[in-house]
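Chemist: Would you mind keeping the following structure in view while I ask a few things?
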Amino acid sequence: MVNDFVRNLIYFVLFVLIQVLFLNHIYFLRLATPFLYLYFLLKLPNGMARSRMLFLAFFTGLTIDAFTNTPGMHAAACTLVGFIREPLIQFLTGKDLPEGVYPSFRSFGYGGFFRYSLTLVAIHHLVLFGIESLSLFDPLFLILRIVGSVGMTTLLVFAVEAFNVESQRSGEKP
Amino acid sequence: MRKLLDFIVRKRHWFLFVALEIACLVLIYQNSTYQRSVLISTTNVITGHIASLSGNVSGFFNMRTINRELAEKNGELELKLLQLQSRIEEIQARGVSFDGLATDSARIFPYRFIMAQVKNNSVTQLSNYITINKGEKDGIVPQMGVVSEGGVVGIVSLVSDHFSVVLPVLNPKFRLSCKVLGSNYAGSLVWDGRNARYAQLKELPRHVEFQKGDTVVTSGYSAIFPTGIIIGTVADYRREHDDNFYSLEIELSTNFQALDYVRVLINEEQAEQRMLEKEVKKDGK
């Protein structure tokens, strides 16, 4: 329990810092910005109390919002991710996953983890860019931005996951 | 009743979810007006300092470019000063001057500026913001203009004790009245969210004469910027839908990607002009 808390805190601080200090300034081909901080939400342990999950997701989004001066945008997208994470895990992997397992290549399989992260990233980006386009609507540009950013975020999530020592060592942690 | 309570307890995360999303929407809605919360922004003490970490690093790497730009600007200004001096001498030599002639010394140029350093800057989002390291304690209030050595940067929108957030040209909420140098018809400058090098000048009457490469400057109507601060040059133009106006593609002269030191313009007469305009509006209704 305490271990879990410390681990989550480290993940949170690390990925929020990476996001606000580096990734927010990336603008690939003037289209795509990766939002790697989602990796923190992706890697929360399975079977977490759903209200706690929601609060965590909301707070994460709000933190990113504070750095990008966009109150509510990331928070709205993250809250939705926090809400559908658990039903999605059940849908993708069946109900036999023990509680407290961190989603990873080991526990989900490569295909499973890919589907899992791609779905959540896509939902998050759809909401985020959707809200953003309320201030300026430009359909083609919007679609390009979403596709580009989803691709980049998923790619980064995979790269980080591949080098993540923790998930290689304790993918089956009870 | 008990079943209802049971239902509510069992499905409490649904209610929590709806409540949190509503909170987000309220925040988003509030953000679309000028009054915003200082807490969830980079003017906050904690976020301001963390965000300035990356600003400091990129500021270091941009030093060389900024130095060169400053030197160029300095040379330009020196040249202009020389020209003006010779003009003044010429006019003084020609004009009649006598001891009784007193220039209006009570009327001074109402603008002065405060230097500030950019601490956090983005050009990658649709709604970009810039955080600078001067705030209320340094005399900055919302609605002040911000310029760099290149030209117009934006307008101060949010102020805390030591930081302020600037709404730059690269934000769909930004509007600025400006004109093509040499004509007096104003259009409105907006950004279409695509390219950080270009912005659009809309609603410029069709009879205004201009060419590609002409300079676009502020009109000075809003009391935020003085007249004649450079925004950019005309890169392209086309007619708008109703055919009576031109829409111009403006290549911005400010390099938003490498912004380090900016100047916040303080207009001593801004409050007075604003009050007057407000009063007229009130009487009109």
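In the structure tokens, each chain is lettered A, B, ... as it comes, each chain's residues begin at 1, and ligands are numbered from 1 in order of appearance.
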Residues of chain B within 6 Å of chain A, counting only C-alpha atoms, what are they? List them as a ChimeraX atom specification.

Modeler: /B:13,21,24,27-28,40-42,54,124

Chemist: Write out the residues from the selection above, keeping N, CA and C atoms, as a CSV table (one decimal), in the first residue's frame.

Modeler:
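Okay, this is what ended up in part-v4.csv:
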chain,number,residue,atom,x,y,z
B,13,HIS,N,-19.3,6.4,-8.2
B,13,HIS,CA,-18.3,6.9,-9.1
B,13,HIS,C,-18.9,7.6,-10.4
B,21,GLU,N,-16.5,16.3,-14.3
B,21,GLU,CA,-16.6,16.8,-15.7
B,21,GLU,C,-17.3,18.2,-15.7
B,24,CYS,N,-14.8,20.7,-14.7
B,24,CYS,CA,-13.9,21.0,-15.8
B,24,CYS,C,-14.6,22.0,-16.7
B,27,LEU,N,-14.6,25.4,-15.5
B,27,LEU,CA,-13.2,26.0,-15.6
B,27,LEU,C,-13.0,26.5,-17.0
B,28,ILE,N,-13.3,25.6,-18.0
B,28,ILE,CA,-13.1,25.9,-19.4
B,28,ILE,C,-13.9,27.2,-19.7
B,40,ILE,N,-4.8,28.1,-11.2
B,40,ILE,CA,-4.5,27.1,-12.2
B,40,ILE,C,-3.9,27.8,-13.4
B,41,SER,N,-2.7,28.3,-13.2
B,41,SER,CA,-2.0,28.9,-14.3
B,41,SER,C,-0.5,29.0,-13.9
B,42,THR,N,0.3,29.5,-14.9
B,42,THR,CA,1.7,29.6,-14.6
B,42,THR,C,2.0,30.8,-13.8
B,54,SER,N,12.6,25.3,-17.7
B,54,SER,CA,12.9,25.1,-19.1
B,54,SER,C,13.2,26.4,-19.9
B,124,THR,N,3.3,25.7,-29.6
B,124,THR,CA,2.8,24.4,-30.2
B,124,THR,C,1.3,24.2,-30.0

Chemist: Could you give me the residues within segment 103-277 of chain B that DSSP places in strand (DSSP E or B), as number ranges by chain?

Modeler: B: 111-121, 130-132, 145-147, 152-159, 164-168, 176-180, 186-190, 198-205, 215-218, 230-239, 245-252, 261-267

Chemist: Excluding segment 243-259 of chain B and its own-chain neighbours fewer than 2 positions away, which residues fall within 7 Å of it when counting only C-alpha atoms? Please give them as a PyMOL selection string.

Modeler: chain B and resi 62+118+123+150-153+197-206+231-241+261

Chemist: Near Leu170 of chain B, counting only C-alpha atoms, which residues have an atom at most 9 Å away, once you skip same-chain residues fewer than 4 positions from it, shown as a list in words?

Modeler: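 Close residues of Leu170 of chain B: Val123, Gln125, Leu126, Ser127, Asn128, Tyr129, Val153, Gly154, Phe174, Val190, Trp191, Asp192, Gly193, Asn195, Ala196, Tyr198, Ala199 and Phe256 of chain B.
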
Chemist: Keeping only N, CA and C atoms, write those residues as a PDB file, in the first residue's frame.

Modeler:
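Dumped everything to out-v3.pdb:
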ATOM      1  N   VAL B 123       4.547  27.644 -28.578  1.00  0.00           N
ATOM      2  CA  VAL B 123       4.017  27.971 -29.889  1.00  0.00           C
ATOM      3  C   VAL B 123       3.314  26.733 -30.435  1.00  0.00           C
ATOM      4  N   GLN B 125       0.721  24.831 -29.032  1.00  0.00           N
ATOM      5  CA  GLN B 125      -0.704  24.605 -28.826  1.00  0.00           C
ATOM      6  C   GLN B 125      -1.527  25.520 -29.734  1.00  0.00           C
ATOM      7  N   LEU B 126      -2.827  25.325 -29.652  1.00  0.00           N
ATOM      8  CA  LEU B 126      -3.709  26.240 -30.367  1.00  0.00           C
ATOM      9  C   LEU B 126      -3.853  27.516 -29.547  1.00  0.00           C
ATOM     10  N   SER B 127      -4.062  27.342 -28.226  1.00  0.00           N
ATOM     11  CA  SER B 127      -4.118  28.509 -27.347  1.00  0.00           C
ATOM     12  C   SER B 127      -2.778  28.637 -26.642  1.00  0.00           C
ATOM     13  N   ASN B 128      -1.914  29.463 -27.187  1.00  0.00           N
ATOM     14  CA  ASN B 128      -0.586  29.618 -26.597  1.00  0.00           C
ATOM     15  C   ASN B 128      -0.579  30.732 -25.569  1.00  0.00           C
ATOM     16  N   TYR B 129       0.275  30.588 -24.574  1.00  0.00           N
ATOM     17  CA  TYR B 129       0.449  31.635 -23.580  1.00  0.00           C
ATOM     18  C   TYR B 129       1.925  31.808 -23.286  1.00  0.00           C
ATOM     19  N   VAL B 153       4.350  41.413 -29.343  1.00  0.00           N
ATOM     20  CA  VAL B 153       4.284  40.058 -28.798  1.00  0.00           C
ATOM     21  C   VAL B 153       2.870  39.718 -28.366  1.00  0.00           C
ATOM     22  N   GLY B 154       2.256  40.541 -27.505  1.00  0.00           N
ATOM     23  CA  GLY B 154       0.911  40.221 -27.045  1.00  0.00           C
ATOM     24  C   GLY B 154       0.416  41.214 -26.018  1.00  0.00           C
ATOM     25  N   PHE B 174      -6.708  36.391 -29.359  1.00  0.00           N
ATOM     26  CA  PHE B 174      -6.015  37.661 -29.543  1.00  0.00           C
ATOM     27  C   PHE B 174      -6.622  38.436 -30.707  1.00  0.00           C
ATOM     28  N   VAL B 190      -5.654  38.545 -36.496  1.00  0.00           N
ATOM     29  CA  VAL B 190      -6.002  37.318 -35.783  1.00  0.00           C
ATOM     30  C   VAL B 190      -5.029  36.217 -36.204  1.00  0.00           C
ATOM     31  N   TRP B 191      -5.103  35.084 -35.507  1.00  0.00           N
ATOM     32  CA  TRP B 191      -4.229  33.963 -35.844  1.00  0.00           C
ATOM     33  C   TRP B 191      -5.088  32.744 -36.138  1.00  0.00           C
ATOM     34  N   ASP B 192      -4.770  31.997 -37.194  1.00  0.00           N
ATOM     35  CA  ASP B 192      -5.615  30.857 -37.560  1.00  0.00           C
ATOM     36  C   ASP B 192      -5.140  29.533 -36.970  1.00  0.00           C
ATOM     37  N   GLY B 193      -4.151  29.577 -36.102  1.00  0.00           N
ATOM     38  CA  GLY B 193      -3.761  28.370 -35.370  1.00  0.00           C
ATOM     39  C   GLY B 193      -2.846  27.438 -36.128  1.00  0.00           C
ATOM     40  N   ASN B 195       0.330  28.253 -38.291  1.00  0.00           N
ATOM     41  CA  ASN B 195       1.761  28.451 -38.424  1.00  0.00           C
ATOM     42  C   ASN B 195       2.207  29.582 -37.517  1.00  0.00           C
ATOM     43  N   ALA B 196       3.217  29.318 -36.704  1.00  0.00           N
ATOM     44  CA  ALA B 196       3.662  30.319 -35.732  1.00  0.00           C
ATOM     45  C   ALA B 196       4.388  31.476 -36.399  1.00  0.00           C
ATOM     46  N   TYR B 198       3.131  33.059 -39.187  1.00  0.00           N
ATOM     47  CA  TYR B 198       2.182  33.896 -39.912  1.00  0.00           C
ATOM     48  C   TYR B 198       0.906  34.169 -39.112  1.00  0.00           C
ATOM     49  N   ALA B 199       0.356  35.382 -39.264  1.00  0.00           N
ATOM     50  CA  ALA B 199      -0.963  35.691 -38.722  1.00  0.00           C
ATOM     51  C   ALA B 199      -1.765  36.357 -39.840  1.00  0.00           C
ATOM     52  N   PHE B 256       8.592  34.057 -32.296  1.00  0.00           N
ATOM     53  CA  PHE B 256       8.012  33.559 -31.051  1.00  0.00           C
ATOM     54  C   PHE B 256       8.735  32.327 -30.523  1.00  0.00           C
TER      55      PHE B 256
END
